[in-house]
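Trainee: Pasting input20.cif below, which is mmCIF, C-alpha atoms and all ligand atoms.
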```
data_coords
loop_
_atom_site.label_atom_id
_atom_site.label_comp_id
_atom_site.auth_asym_id
_atom_site.auth_seq_id
_atom_site.Cartn_x
_atom_site.Cartn_y
_atom_site.Cartn_z
CA MET A 241 95.06 119.23 179.31
CA PRO A 242 93.03 116.12 180.06
CA VAL A 243 89.32 116.73 180.43
CA SER A 244 87.48 114.24 182.58
CA ALA A 245 83.87 113.33 181.97
CA PRO A 246 81.48 114.99 184.40
CA GLU A 247 80.22 112.89 187.27
CA PRO A 248 76.67 111.69 186.75
CA ARG A 249 74.46 114.14 188.62
CA SER A 250 70.95 112.86 188.87
CA PRO A 251 68.22 115.39 188.02
CA LEU A 252 66.58 114.03 191.16
CA VAL A 253 69.07 115.84 193.41
CA GLN A 254 66.95 118.96 192.80
CA ALA A 255 63.54 117.35 192.33
CA LEU A 256 63.46 114.83 195.14
CA LYS A 257 63.72 116.67 198.47
CA PRO A 258 64.12 114.37 201.48
CA GLY A 259 61.21 114.51 203.89
CA ARG A 260 57.57 113.65 204.16
CA HIS A 261 55.10 114.13 201.32
CA GLY A 262 51.33 113.72 201.45
CA ALA A 263 49.40 111.92 204.17
CA VAL A 264 50.81 110.93 207.56
CA GLY A 265 50.28 107.43 208.89
CA ALA A 266 51.30 103.80 209.06
CA ARG A 267 50.47 103.14 205.41
CA GLN A 268 53.21 105.35 203.99
CA VAL A 269 55.79 104.26 201.44
CA THR A 270 59.46 105.20 201.22
CA LEU A 271 61.13 106.50 198.08
CA ARG A 272 64.85 106.81 197.51
CA ALA A 273 67.14 107.60 194.59
CA TYR A 274 70.13 105.33 194.11
CA ARG A 275 73.45 106.19 192.53
CA ARG A 276 74.18 103.32 190.21
CA SER A 277 76.47 102.46 187.34
CA LEU A 278 74.40 101.07 184.49
CA VAL A 279 75.35 99.39 181.24
CA GLN A 280 73.32 97.83 178.49
CA LEU A 281 74.82 94.54 177.35
CA GLN A 282 73.77 93.00 174.04
CA ALA A 283 75.00 89.70 172.61
CA ARG A 284 76.79 89.97 169.26
CA LYS A 285 75.09 88.01 166.49
CA GLY A 286 75.35 84.29 167.15
CA ARG A 287 77.33 84.82 170.37
CA ALA A 288 74.60 84.52 173.02
CA ALA A 289 76.02 81.29 174.48
CA ASP A 290 79.57 82.74 174.57
CA LEU A 291 78.23 85.84 176.31
CA ALA A 292 76.38 83.82 178.95
CA THR A 293 79.57 81.84 179.68
CA ALA A 294 81.73 84.98 179.80
CA VAL A 295 79.35 86.74 182.21
CA ARG A 296 79.11 83.68 184.45
CA GLN A 297 82.90 83.28 184.60
CA GLY A 298 83.93 86.94 184.60
CA LEU A 299 81.14 88.58 186.59
CA GLY A 300 79.79 85.64 188.60
CA LEU A 301 76.23 85.98 187.38
CA ALA A 302 73.82 83.96 185.25
CA LEU A 303 72.13 86.11 182.60
CA PRO A 304 68.38 85.79 183.30
CA PRO A 305 65.65 84.70 180.85
CA PRO A 306 62.82 87.03 179.68
CA GLY A 307 60.87 88.69 182.48
CA ARG A 308 63.46 88.05 185.16
CA ALA A 309 66.39 89.61 186.99
CA GLU A 310 69.41 87.88 188.49
CA THR A 311 71.55 89.31 191.27
CA SER A 312 74.92 88.76 192.91
CA PRO A 313 76.10 90.70 195.99
CA THR A 314 77.54 93.46 193.77
CA LEU A 315 75.64 93.28 190.48
CA ALA A 316 72.13 92.91 189.07
CA ALA A 317 71.26 91.82 185.53
CA ILE A 318 67.77 92.60 184.21
CA TRP A 319 66.42 91.10 180.97
CA ILE A 320 65.20 93.97 178.79
CA GLN A 321 64.86 92.48 175.29
CA PRO A 322 66.02 89.36 173.42
CA SER A 323 69.76 88.84 174.00
CA ALA A 324 70.01 92.14 175.91
CA TRP A 325 70.28 92.98 179.60
CA LEU A 326 70.66 96.04 181.78
CA LEU A 327 73.45 95.59 184.33
CA CYS A 328 73.32 97.64 187.50
CA ALA A 329 75.98 98.08 190.22
CA PRO A 330 76.83 100.63 192.93
CA TYR A 331 78.60 103.65 191.38
CA LEU A 332 82.30 103.76 192.24
CA ALA A 333 83.90 105.80 189.46
CA GLU A 334 83.06 107.11 186.01
CA GLY A 335 82.90 104.24 183.51
CA ASP A 336 83.78 101.61 186.14
CA LEU A 337 81.08 99.08 185.30
CA ALA A 338 81.40 99.49 181.52
CA ARG A 339 85.15 98.83 181.77
CA SER A 340 84.79 95.69 183.86
CA VAL A 341 81.94 94.32 181.71
CA ARG A 342 83.89 94.99 178.50
CA ALA A 343 86.89 93.19 179.95
CA ALA A 344 84.72 90.22 180.95
CA VAL A 345 82.75 89.76 177.72
CA GLY A 346 85.36 90.66 175.07
CA SER A 347 83.96 90.31 171.56
CA ALA A 348 80.86 88.33 172.66
CA GLY A 349 78.81 91.39 173.58
CA ALA A 350 78.28 95.09 172.91
CA VAL A 351 78.51 97.30 176.01
CA VAL A 352 76.87 100.73 176.19
CA ASP A 353 77.27 102.86 179.31
CA GLN A 354 73.86 104.08 180.52
CA THR A 355 74.97 105.57 183.84
CA HIS A 356 74.03 109.13 182.84
CA GLY A 357 71.08 108.06 180.72
CA LYS A 358 68.96 106.35 183.33
CA SER A 359 68.00 107.08 186.92
CA VAL A 360 67.33 104.44 189.58
CA LEU A 361 64.67 104.71 192.30
CA ARG A 362 63.24 102.38 194.91
CA LEU A 363 59.69 102.47 196.21
CA SER A 364 59.07 100.37 199.28
CA GLY A 365 56.36 99.62 201.84
CA PRO A 366 53.09 97.75 202.30
CA THR A 367 51.22 100.15 199.99
CA ALA A 368 53.94 100.37 197.31
CA ARG A 369 51.98 98.03 195.03
CA ALA A 370 48.80 100.09 195.46
CA VAL A 371 50.74 103.25 194.52
CA LEU A 372 52.21 101.68 191.37
CA GLU A 373 48.87 100.19 190.35
CA THR A 374 47.50 103.69 189.79
CA GLY A 375 49.82 104.04 186.80
CA CYS A 376 51.06 100.58 185.83
CA ARG A 377 49.20 98.27 183.46
CA ILE A 378 50.79 94.92 184.34
CA ASP A 379 49.50 92.72 187.15
CA LEU A 380 51.68 93.25 190.22
CA HIS A 381 49.63 90.97 192.48
CA PRO A 382 51.90 88.37 194.19
CA ARG A 383 50.26 85.57 192.21
CA ALA A 384 51.54 87.22 189.01
CA PHE A 385 54.66 89.20 190.00
CA ALA A 386 57.21 88.32 192.68
CA PRO A 387 60.80 89.14 193.73
CA GLY A 388 63.17 88.31 190.89
CA GLN A 389 60.67 89.27 188.21
CA ALA A 390 61.18 92.33 186.01
CA ALA A 391 59.31 94.08 183.21
CA ALA A 392 59.82 96.94 180.77
CA THR A 393 56.46 98.73 180.83
CA PRO A 394 55.15 102.29 181.13
CA VAL A 395 54.50 103.55 184.67
CA GLY A 396 52.68 106.87 184.95
CA HIS A 397 52.92 107.12 181.12
CA ILE A 398 56.73 106.99 181.29
CA ASP A 399 58.68 103.96 180.02
CA CYS A 400 60.12 102.19 183.02
CA ILE A 401 62.14 99.10 183.84
CA LEU A 402 60.39 97.69 186.88
CA ARG A 403 61.84 95.02 189.15
CA GLN A 404 60.51 93.59 192.40
CA LEU A 405 63.22 93.26 195.04
CA ASP A 406 61.48 91.77 198.09
CA ASN A 407 58.13 91.13 199.72
CA ALA A 408 57.98 94.45 201.66
CA PRO A 409 57.21 94.89 198.78
CA SER A 410 60.06 96.93 197.31
CA TYR A 411 60.26 97.85 193.64
CA GLU A 412 63.20 99.23 191.71
CA LEU A 413 62.16 101.73 189.05
CA ILE A 414 64.60 102.70 186.28
CA VAL A 415 63.58 105.57 183.99
CA ALA A 416 65.31 107.83 181.48
CA SER A 417 67.11 110.60 183.40
CA THR A 418 65.50 113.20 181.15
CA LEU A 419 62.09 112.05 182.43
CA ALA A 420 63.08 111.27 186.01
CA GLU A 421 61.83 114.60 187.38
CA ALA A 422 58.41 114.19 185.71
CA PHE A 423 58.31 110.57 186.89
CA VAL A 424 58.97 111.51 190.51
CA ASP A 425 56.38 114.28 190.28
CA TRP A 426 53.81 111.68 189.21
CA LEU A 427 54.99 109.16 191.82
CA LEU A 428 54.69 111.61 194.73
CA HIS A 429 51.16 112.51 193.64
CA ALA A 430 50.27 108.81 193.29
CA ALA A 431 51.60 108.15 196.80
CA ALA A 432 50.08 111.23 198.46
CA ALA A 433 47.02 109.40 199.75
CA TYR A 434 49.22 107.00 201.72
CA GLY A 435 52.07 109.37 202.40
CA CYS A 436 55.64 109.10 201.15
CA GLU A 437 58.89 109.47 203.08
CA VAL A 438 61.65 110.52 200.71
CA LEU A 439 65.00 109.30 202.02
CA PRO A 440 68.30 111.06 201.20
CA PRO A 441 69.90 109.66 198.01
CA ASP A 442 71.97 106.50 198.46
CA MET B 163 41.47 98.02 174.08
CA HIS B 164 43.35 94.95 172.86
CA ARG B 165 45.34 92.68 175.14
CA ILE B 166 48.28 91.39 173.11
CA ASP B 167 50.30 88.35 174.18
CA CYS B 168 53.89 89.37 173.35
CA PRO B 169 55.93 86.16 172.79
CA TRP B 170 58.72 87.75 174.87
CA CYS B 171 56.90 89.71 177.59
CA GLY B 172 53.51 88.05 178.04
CA VAL B 173 50.09 89.73 177.91
CA ARG B 174 50.30 93.53 177.71
CA ASP B 175 47.90 96.34 176.93
CA GLU B 176 47.63 97.62 173.37
CA ILE B 177 48.94 101.03 174.49
CA GLU B 178 52.45 99.52 174.74
CA PHE B 179 52.39 98.59 171.04
CA ALA B 180 52.48 100.41 167.70
CA TYR B 181 50.62 98.92 164.70
CA ARG B 182 53.02 98.35 161.81
CA GLY B 183 50.83 97.03 159.01
CA ASP B 184 50.36 93.88 156.94
CA ALA B 185 52.90 91.18 157.86
CA THR B 186 52.35 89.14 154.70
CA VAL B 187 53.75 91.53 152.07
CA LYS B 188 56.98 90.25 150.58
CA ARG B 189 59.72 92.40 149.07
CA PRO B 190 60.01 91.70 145.31
CA GLU B 191 63.23 90.53 143.69
CA ALA B 192 65.65 93.36 142.87
CA GLY B 193 64.82 93.30 139.16
CA ALA B 194 61.04 93.00 139.54
CA GLY B 195 60.39 96.47 138.13
CA VAL B 196 58.68 99.67 139.21
CA ASP B 197 55.12 98.29 139.25
CA ALA B 198 56.05 95.45 141.60
CA PHE B 199 57.83 97.84 143.97
CA TYR B 200 54.97 100.35 143.81
CA ALA B 201 52.60 97.57 144.87
CA TYR B 202 55.00 96.42 147.60
CA VAL B 203 55.31 99.90 149.11
CA TYR B 204 51.82 101.36 148.61
CA GLU B 205 49.13 98.81 147.77
CA ARG B 206 47.36 97.05 150.63
CA GLY B 207 44.19 95.02 150.92
CA ASN B 208 41.58 96.04 153.47
CA PRO B 209 40.26 92.61 154.39
CA ARG B 210 37.13 91.96 156.39
CA GLY B 211 38.31 88.99 158.42
CA TRP B 212 41.60 87.53 159.56
CA HIS B 213 44.66 89.69 159.10
CA ILE B 214 48.29 88.87 159.93
CA GLU B 215 49.87 92.07 161.21
CA TRP B 216 53.10 93.54 162.49
CA TRP B 217 52.89 95.08 165.94
CA HIS B 218 55.94 96.77 167.50
CA HIS B 219 56.24 96.34 171.28
CA ALA B 220 57.61 99.86 171.50
CA ALA B 221 57.20 100.39 175.25
CA GLY B 222 58.30 96.89 176.23
CA CYS B 223 60.90 94.62 174.64
CA ARG B 224 61.01 96.77 171.46
CA GLN B 225 60.57 93.70 169.23
CA TRP B 226 58.33 93.46 166.16
CA ILE B 227 55.87 90.58 166.55
CA LYS B 228 53.20 89.00 164.35
CA VAL B 229 49.58 89.19 165.45
CA LEU B 230 46.64 87.29 163.90
CA ARG B 231 43.67 89.65 164.36
CA HIS B 232 40.10 89.61 163.02
CA THR B 233 39.35 93.03 161.56
CA LEU B 234 35.60 92.74 162.22
CA THR B 235 35.53 91.26 165.75
CA HIS B 236 39.01 92.44 166.88
CA GLU B 237 39.62 88.91 168.20
CA ILE B 238 43.33 88.17 168.50
CA ARG B 239 43.83 84.45 167.95
CA ALA B 240 47.60 84.10 167.77
CA THR B 241 50.86 85.98 168.27
CA ALA B 242 54.35 84.93 167.21
CA LYS B 243 57.95 86.06 167.04
CA ALA B 244 58.92 87.94 163.87
CA GLY B 245 60.64 84.94 162.27
CA ASP B 246 57.84 82.48 163.00
CA THR B 247 55.04 81.55 160.60
CA VAL B 248 51.43 82.45 161.36
CA THR B 249 48.63 80.93 159.31
CA ALA B 250 45.24 82.63 159.00
CA PRO B 251 42.13 80.42 159.36
CA LYS B 252 40.00 79.96 156.24
CA PRO B 253 37.41 82.77 156.05
ZN ZN C 1 57.48 92.38 174.31
#
```
Starting from the file, give its structure as structure tokens.
Mentor:
Amino acid sequence: MPVSAPEPRSPLVQALKPGRHGAVGARQVTLRAYRRSLVQLQARKGRAADLATAVRQGLGLALPPPGRAETSPTLAAIWIQPSAWLLCAPYLAEGDLARSVRAAVGSAGAVVDQTHGKSVLRLSGPTARAVLETGCRIDLHPRAFAPGQAAATPVGHIDCILRQLDNAPSYELIVASTLAEAFVDWLLHAAAAYGCEVLPPD
Amino acid sequence: MHRIDCPWCGVRDEIEFAYRGDATVKRPEAGAGVDAFYAYVYERGNPRGWHIEWWHHAAGCRQWIKVLRHTLTHEIRATAKAGDTVTAPKP
């Protein structure tokens, strides 16, 4: 009898209750969990140029240089280490993104499904930067960090892939699913002074 | 607290890195004998001055990088990718 892989169930379904947390007022941030398919893509030795071409032709995206993210309407690619990127797309079905990326890159890259391994959150609002600054050691001031930039760095003592999405400002935060509950616990405390509206998961 | 300029990520706090020792030791040839391998694995200088070191950017890009650090003043004068050459100033 065929056994299908379980659907990715974010630990945040239990931990992140929709509603208002902390202070009430105009300075509040919004926080939302996103259901995403994630894969790590790494160039095979000596195949970085082939991989870039394959991704551009097959997935319609330019692989970004260090410190940056590149997006198309359906896909985001975040640089995470030399010759390696995290690809992120709306979740449609188990293994969907890994299958399409494998088909696009062939032997030029190694594809590892991270859909269950990592959880995706967005923090948004005029005070979002102030909230993150209480636990993030890189400079998020607009002169140093802007939409399209990304960094792997600890936030609230938990390793995080951080990406700025827009000038609201909105930040995407990707953490290990095993630490997502602890991360959200920290984030809600960090945001309590401004208030945080938790939206239902996407 | 050091601020280390990762060649991949830019300037980051020391807390993101793990110190990985002397970056100048070279593995001996396969037939070099027990004494040469003992020295390679266990024996290290403890210089007062410039030191070329491995630092692992464990909480960032996960790459090993070379760092030229002064062991007395803690000044970091240069950083480089693992395959690049770093030269220590004359003491
Ligand atoms: Zn780095």
Trainee: Grab the CA of Pro387 in chain A to CA of Ser250 in chain A distance for me, in Å with one decimal place.
Mentor: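 One can read the CA of Pro387 in chain A to CA of Ser250 in chain A distance as 26.3 Å.
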Trainee: Could you give me the residues within 12 Å of ligand ZN 1 (chain C), counting all atoms listed in the file, as an MDAnalysis selection string?
Mentor: (chainID A and resid 306:307 319:322 391:393) or (chainID B and resid 166:176 178:180 217:228 241:244)
Trainee: Check the smallest atom-to-atom distance from each of B:Thr186, B:Ile177, B:Lys252, B:His213 to chain A using only C-alpha atoms, then report the winner.
Mentor: B:Ile177
Trainee: Go through B:Arg182, B:His164, B:Phe199, B:Gly211 one by one, measure the shortest atom-to-atom distance of each to Thr235 in chain B using only C-alpha atoms, and give the residue with the smallest value.
Mentor: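 Distance minimum relative to Thr235 in chain B lands on B:Gly211.
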Trainee: Any chance you could build range 168-203 of chain B out to N, CA and C atoms and write it as a PDB file, keeping the file's coordinate frame?
Mentor:
```
ATOM      1  N   CYS B 168      52.544  89.266 173.933  1.00  0.00           N
ATOM      2  CA  CYS B 168      53.890  89.370 173.350  1.00  0.00           C
ATOM      3  C   CYS B 168      54.633  88.060 173.619  1.00  0.00           C
ATOM      4  N   PRO B 169      55.217  87.430 172.576  1.00  0.00           N
ATOM      5  CA  PRO B 169      55.930  86.160 172.790  1.00  0.00           C
ATOM      6  C   PRO B 169      57.103  86.304 173.758  1.00  0.00           C
ATOM      7  N   TRP B 170      57.582  87.533 173.964  1.00  0.00           N
ATOM      8  CA  TRP B 170      58.720  87.750 174.870  1.00  0.00           C
ATOM      9  C   TRP B 170      58.250  88.178 176.256  1.00  0.00           C
ATOM     10  N   CYS B 171      57.248  89.047 176.329  1.00  0.00           N
ATOM     11  CA  CYS B 171      56.900  89.710 177.590  1.00  0.00           C
ATOM     12  C   CYS B 171      55.628  89.180 178.235  1.00  0.00           C
ATOM     13  N   GLY B 172      54.793  88.452 177.508  1.00  0.00           N
ATOM     14  CA  GLY B 172      53.510  88.050 178.040  1.00  0.00           C
ATOM     15  C   GLY B 172      52.427  89.057 177.666  1.00  0.00           C
ATOM     16  N   VAL B 173      51.250  88.916 178.294  1.00  0.00           N
ATOM     17  CA  VAL B 173      50.090  89.730 177.910  1.00  0.00           C
ATOM     18  C   VAL B 173      50.282  91.172 178.368  1.00  0.00           C
ATOM     19  N   ARG B 174      50.162  92.094 177.413  1.00  0.00           N
ATOM     20  CA  ARG B 174      50.300  93.530 177.710  1.00  0.00           C
ATOM     21  C   ARG B 174      49.167  94.295 177.016  1.00  0.00           C
ATOM     22  N   ASP B 175      48.917  95.494 177.526  1.00  0.00           N
ATOM     23  CA  ASP B 175      47.900  96.340 176.930  1.00  0.00           C
ATOM     24  C   ASP B 175      48.358  96.881 175.576  1.00  0.00           C
ATOM     25  N   GLU B 176      47.379  97.100 174.718  1.00  0.00           N
ATOM     26  CA  GLU B 176      47.630  97.620 173.370  1.00  0.00           C
ATOM     27  C   GLU B 176      48.450  98.914 173.392  1.00  0.00           C
ATOM     28  N   ILE B 177      48.283  99.719 174.447  1.00  0.00           N
ATOM     29  CA  ILE B 177      48.940 101.030 174.490  1.00  0.00           C
ATOM     30  C   ILE B 177      50.459 100.912 174.449  1.00  0.00           C
ATOM     31  N   GLU B 178      50.997  99.718 174.790  1.00  0.00           N
ATOM     32  CA  GLU B 178      52.450  99.520 174.740  1.00  0.00           C
ATOM     33  C   GLU B 178      52.954  99.238 173.321  1.00  0.00           C
ATOM     34  N   PHE B 179      52.015  99.028 172.384  1.00  0.00           N
ATOM     35  CA  PHE B 179      52.390  98.590 171.040  1.00  0.00           C
ATOM     36  C   PHE B 179      52.083  99.663 169.997  1.00  0.00           C
ATOM     37  N   ALA B 180      52.792  99.587 168.867  1.00  0.00           N
ATOM     38  CA  ALA B 180      52.480 100.410 167.700  1.00  0.00           C
ATOM     39  C   ALA B 180      52.148  99.471 166.544  1.00  0.00           C
ATOM     40  N   TYR B 181      51.028  99.729 165.853  1.00  0.00           N
ATOM     41  CA  TYR B 181      50.620  98.920 164.700  1.00  0.00           C
ATOM     42  C   TYR B 181      51.552  99.205 163.527  1.00  0.00           C
ATOM     43  N   ARG B 182      52.043  98.151 162.886  1.00  0.00           N
ATOM     44  CA  ARG B 182      53.020  98.350 161.810  1.00  0.00           C
ATOM     45  C   ARG B 182      52.613  97.702 160.492  1.00  0.00           C
ATOM     46  N   GLY B 183      51.314  97.408 160.332  1.00  0.00           N
ATOM     47  CA  GLY B 183      50.830  97.030 159.010  1.00  0.00           C
ATOM     48  C   GLY B 183      50.842  95.542 158.709  1.00  0.00           C
ATOM     49  N   ASP B 184      50.525  95.245 157.451  1.00  0.00           N
ATOM     50  CA  ASP B 184      50.360  93.880 156.940  1.00  0.00           C
ATOM     51  C   ASP B 184      51.687  93.114 157.019  1.00  0.00           C
ATOM     52  N   ALA B 185      51.661  91.958 157.694  1.00  0.00           N
ATOM     53  CA  ALA B 185      52.900  91.180 157.860  1.00  0.00           C
ATOM     54  C   ALA B 185      53.075  90.137 156.774  1.00  0.00           C
ATOM     55  N   THR B 186      52.239  90.171 155.743  1.00  0.00           N
ATOM     56  CA  THR B 186      52.350  89.140 154.700  1.00  0.00           C
ATOM     57  C   THR B 186      52.978  89.683 153.412  1.00  0.00           C
ATOM     58  N   VAL B 187      53.153  91.009 153.309  1.00  0.00           N
ATOM     59  CA  VAL B 187      53.750  91.530 152.070  1.00  0.00           C
ATOM     60  C   VAL B 187      55.203  91.113 151.985  1.00  0.00           C
ATOM     61  N   LYS B 188      55.612  90.718 150.805  1.00  0.00           N
ATOM     62  CA  LYS B 188      56.980  90.250 150.580  1.00  0.00           C
ATOM     63  C   LYS B 188      57.698  91.193 149.620  1.00  0.00           C
ATOM     64  N   ARG B 189      58.929  91.523 149.942  1.00  0.00           N
ATOM     65  CA  ARG B 189      59.720  92.400 149.070  1.00  0.00           C
ATOM     66  C   ARG B 189      59.996  91.678 147.752  1.00  0.00           C
ATOM     67  N   PRO B 190      59.746  92.363 146.613  1.00  0.00           N
ATOM     68  CA  PRO B 190      60.010  91.700 145.310  1.00  0.00           C
ATOM     69  C   PRO B 190      61.510  91.520 145.074  1.00  0.00           C
ATOM     70  N   GLU B 191      61.834  90.667 144.104  1.00  0.00           N
ATOM     71  CA  GLU B 191      63.230  90.530 143.690  1.00  0.00           C
ATOM     72  C   GLU B 191      63.742  91.872 143.168  1.00  0.00           C
ATOM     73  N   ALA B 192      65.064  92.067 143.226  1.00  0.00           N
ATOM     74  CA  ALA B 192      65.650  93.360 142.870  1.00  0.00           C
ATOM     75  C   ALA B 192      65.247  93.826 141.480  1.00  0.00           C
ATOM     76  N   GLY B 193      65.111  92.911 140.537  1.00  0.00           N
ATOM     77  CA  GLY B 193      64.820  93.300 139.160  1.00  0.00           C
ATOM     78  C   GLY B 193      63.350  93.246 138.805  1.00  0.00           C
ATOM     79  N   ALA B 194      62.466  93.236 139.805  1.00  0.00           N
ATOM     80  CA  ALA B 194      61.040  93.000 139.540  1.00  0.00           C
ATOM     81  C   ALA B 194      60.352  94.175 138.849  1.00  0.00           C
ATOM     82  N   GLY B 195      60.972  95.340 138.862  1.00  0.00           N
ATOM     83  CA  GLY B 195      60.390  96.470 138.130  1.00  0.00           C
ATOM     84  C   GLY B 195      59.594  97.410 139.008  1.00  0.00           C
ATOM     85  N   VAL B 196      59.302  98.587 138.455  1.00  0.00           N
ATOM     86  CA  VAL B 196      58.680  99.670 139.210  1.00  0.00           C
ATOM     87  C   VAL B 196      57.290  99.279 139.715  1.00  0.00           C
ATOM     88  N   ASP B 197      56.497  98.614 138.858  1.00  0.00           N
ATOM     89  CA  ASP B 197      55.120  98.290 139.250  1.00  0.00           C
ATOM     90  C   ASP B 197      55.101  97.369 140.468  1.00  0.00           C
ATOM     91  N   ALA B 198      56.000  96.389 140.473  1.00  0.00           N
ATOM     92  CA  ALA B 198      56.050  95.450 141.600  1.00  0.00           C
ATOM     93  C   ALA B 198      56.453  96.171 142.874  1.00  0.00           C
ATOM     94  N   PHE B 199      57.407  97.108 142.766  1.00  0.00           N
ATOM     95  CA  PHE B 199      57.830  97.840 143.970  1.00  0.00           C
ATOM     96  C   PHE B 199      56.783  98.853 144.424  1.00  0.00           C
ATOM     97  N   TYR B 200      56.063  99.436 143.446  1.00  0.00           N
ATOM     98  CA  TYR B 200      54.970 100.350 143.810  1.00  0.00           C
ATOM     99  C   TYR B 200      53.930  99.581 144.636  1.00  0.00           C
ATOM    100  N   ALA B 201      53.586  98.385 144.160  1.00  0.00           N
ATOM    101  CA  ALA B 201      52.600  97.570 144.870  1.00  0.00           C
ATOM    102  C   ALA B 201      53.111  97.174 146.249  1.00  0.00           C
ATOM    103  N   TYR B 202      54.399  96.843 146.323  1.00  0.00           N
ATOM    104  CA  TYR B 202      55.000  96.420 147.600  1.00  0.00           C
ATOM    105  C   TYR B 202      54.963  97.553 148.637  1.00  0.00           C
ATOM    106  N   VAL B 203      55.231  98.772 148.170  1.00  0.00           N
ATOM    107  CA  VAL B 203      55.310  99.900 149.110  1.00  0.00           C
ATOM    108  C   VAL B 203      53.933 100.447 149.442  1.00  0.00           C
TER     109      VAL B 203
END
```
